[in-house]
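*Asks:* I have a structure I would like to understand better, so I am pasting it below and will then ask my questions one at a time.
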Amino acid sequence: MTLILQVVLDNPTQVGNPFQFEITFECLQELEDDLEWKVIYVGSAEDSRHDQILEEVLVGPVPVGVNKFVLQSEPPNFTEIPENDVLGVTVVLVTCAYRDQEFVRVGYYVNNESCEEPLSAEEHEYPSRPLDFTKITRQILSDKPRVTRFPINWTNSIVTNHEDEKVCNANQVANECDEDVVDMEQEEDDEEDDGDSEDLDIDLEEASGEEEYEEN
């Protein structure tokens with residue numbers, strides 16, 4: 001199975017709206033079992049207990065050829081996320097597995113920003129007033145996905161369970177974020193220096209092996 005295109009729909013949007021991803025993939029041979037897709041929200045880079053699986057869906061039977069569907073999930077339950085982690089940059093991930101083997105993972109940085117009067121740096125860390133979620137905007141950085149592919153066993157032979165590689169390991173996700181995430185103002189400056197911007201559609205055909213990269 002090859003992931004061809006993944007498009008983020010309804011972006012940017014109000015933070016309480018569903019996540020929507022239009023996924024196009026090609027199946028090169030008939031699969032005996034369903035594909036398992038997940039949407040995972042990283043609630044806190046410091047504590048994996050705040051990670052939330054927003055959606056789990058089985059897709060199948062999958063015919064040979066090009067297939068397209070919209071993967072939709074509800075927003076996270078913000079009552080289970082520390083208040084000082086609600087605003088700012090976090091991560092949402094879309095994963096796909098076959099027979100409990102994750103073989104592709106697409107991660108996006110997400111910026112949650114309040115439309116109210118800007119908070120000071122101290123207030124961002126320790127908000128002194130209740131958050132009004134109707135005034136928080138969610139923007140997914142759809143032109144900068146992180147794509148990881150894993151080789152798996154597609155046959156009927158003994159299958160190895162890759163639980164240790166599961167994307168819901170938020171400590172691993174947090175480490176990746178610490179290496180790459182920058183504040184939104186700096187990112188905007190970098191984009192201005194580049195002089196051009198990418199279409200929101202993401203061509204993932206060139207991703208291969210286990211190499212992880214940031215697509216421009």
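Identifiers in the structure tokens: chain A, B, ... in order shown; residue index from 1 per chain; ligand index from 1 in order shown.
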Using only C-alpha atoms, determine which residues lie at most 8 Å from A:Leu9, disregarding the query and same-chain residues fewer than 2 positions distant; provide the list as a list in words.
*Replies:*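 Using only C-alpha atoms, the neighbours found are Val7, Asn11, Phe19, Gln20, Phe21 and Glu22 of chain A.
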*Asks:* Go ahead and dump the residues you just picked, N, CA and C atoms, as a short mmCIF file (atom, residue, chain, number, x, y, z; two decimals), in the first residue's frame.
*Replies:*
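part-v1.cif written:
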data_model
loop_
_atom_site.label_atom_id
_atom_site.label_comp_id
_atom_site.auth_asym_id
_atom_site.auth_seq_id
_atom_site.Cartn_x
_atom_site.Cartn_y
_atom_site.Cartn_z
N VAL A 7 -4.42 15.48 2.34
CA VAL A 7 -4.79 16.88 2.34
C VAL A 7 -5.54 17.20 3.63
N ASN A 11 -8.97 24.08 7.26
CA ASN A 11 -7.78 24.54 7.98
C ASN A 11 -7.37 25.92 7.47
N PHE A 19 -11.17 17.31 13.21
CA PHE A 19 -10.05 17.18 12.30
C PHE A 19 -10.54 16.43 11.06
N GLN A 20 -10.08 16.86 9.88
CA GLN A 20 -10.46 16.19 8.65
C GLN A 20 -9.23 16.05 7.74
N PHE A 21 -9.00 14.83 7.28
CA PHE A 21 -7.88 14.55 6.38
C PHE A 21 -8.41 13.76 5.19
N GLU A 22 -8.20 14.29 4.00
CA GLU A 22 -8.56 13.56 2.78
C GLU A 22 -7.35 12.74 2.35
#
*Asks:* Can you pull out the residues contacting A:Val89? Cut-off 7 Å, using only C-alpha atoms, and skip same-chain residues under 6 positions away; I want them as an NGL selection string.
*Replies:* :A and (109-112)
*Asks:* Kindly indicate which residue among A:Arg49, A:Cys96, A:Gln6, A:Gly88 lies nearest to A:Asp143, using only C-alpha atoms for the distances.
*Replies:*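 Closest candidate: A:Gln6.
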*Asks:* So, counting only C-alpha atoms, which residue among A:Thr79, A:Thr90, A:Thr148, A:Ser73 is closest to A:Leu3?
*Replies:*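 Smallest distance to A:Leu3 is found for A:Thr148.
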*Asks:* Pick out the residues sitting within 8 Å of A:Ala97, and hand them over as a ChimeraX atom specification; count only C-alpha atoms, and ignore anything fewer than 6 positions along from it in its own chain.
*Replies:* /A:35-37,103-104
*Asks:* Output N, CA and C atoms for every residue in the selection just made, as a PDB file, in the first residue's frame.
*Replies:*
ATOM      1  N   LEU A  35      -7.226  -2.178   6.789  1.00  0.00           N
ATOM      2  CA  LEU A  35      -6.237  -1.212   7.240  1.00  0.00           C
ATOM      3  C   LEU A  35      -6.787  -0.473   8.447  1.00  0.00           C
ATOM      4  N   GLU A  36      -5.947  -0.263   9.450  1.00  0.00           N
ATOM      5  CA  GLU A  36      -6.366   0.443  10.662  1.00  0.00           C
ATOM      6  C   GLU A  36      -5.756   1.842  10.670  1.00  0.00           C
ATOM      7  N   TRP A  37      -6.609   2.854  10.612  1.00  0.00           N
ATOM      8  CA  TRP A  37      -6.171   4.251  10.627  1.00  0.00           C
ATOM      9  C   TRP A  37      -6.457   4.856  11.992  1.00  0.00           C
ATOM     10  N   PHE A 103       2.837   0.975   9.534  1.00  0.00           N
ATOM     11  CA  PHE A 103       3.757   1.078   8.409  1.00  0.00           C
ATOM     12  C   PHE A 103       3.898   2.485   7.854  1.00  0.00           C
ATOM     13  N   VAL A 104       3.035   3.409   8.277  1.00  0.00           N
ATOM     14  CA  VAL A 104       3.205   4.794   7.863  1.00  0.00           C
ATOM     15  C   VAL A 104       2.653   5.712   8.946  1.00  0.00           C
TER      16      VAL A 104
END
*Asks:* Have a look at A:Cys115, A:Val94, A:Ile81, A:Val8 and name the one nearest to A:Asp47; count only C-alpha atoms.
*Replies:*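 Of all the options, A:Ile81 lies closest to A:Asp47.
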*Asks:* With distances taken over only C-alpha atoms, which of A:Glu80, A:Asp85, A:Glu30, A:Asp10 is nearest to A:Pro63?
*Replies:*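 Checking each candidate against A:Pro63, we get A:Glu30 as the closest.
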*Asks:* Between A:Ile140, A:Leu5, A:Val39, A:Val64, which one has atoms that come closest to A:Asp51, using only C-alpha atoms?
*Replies:*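 Among the listed residues, A:Val39 lies closest to A:Asp51.
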*Asks:* Near A:Phe78, counting only C-alpha atoms, which residues have an atom at most 9 Å away, once you skip same-chain residues fewer than 5 positions from it, shown as a PyMOL selection string?
*Replies:* chain A and resi 43+83+86
*Asks:* Please identify all polymer residues within 8 Å of A:Thr2, counting only C-alpha atoms, omitting same-chain residues fewer than 5 positions from it, and present them as a ChimeraX atom specification.
*Replies:* /A:25-28,205
*Asks:* What gap, in Å, lies between atom CA of A:Asp34 and atom CA of A:Val57?
*Replies:*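 Between atom CA of A:Asp34 and atom CA of A:Val57 the gap works out to 9.5 Å.
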*Asks:* Quick one, how far is atom CA of A:Leu131 from atom CA of A:Gly107?
*Replies:*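 Taking atom CA of A:Leu131 and atom CA of A:Gly107, their separation equals 26.2 Å.
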*Asks:* Report, in Å with one decimal, the straight-line distance from atom CA of A:Tyr41 to atom CA of A:Pro75.
*Replies:* 8.6 Å
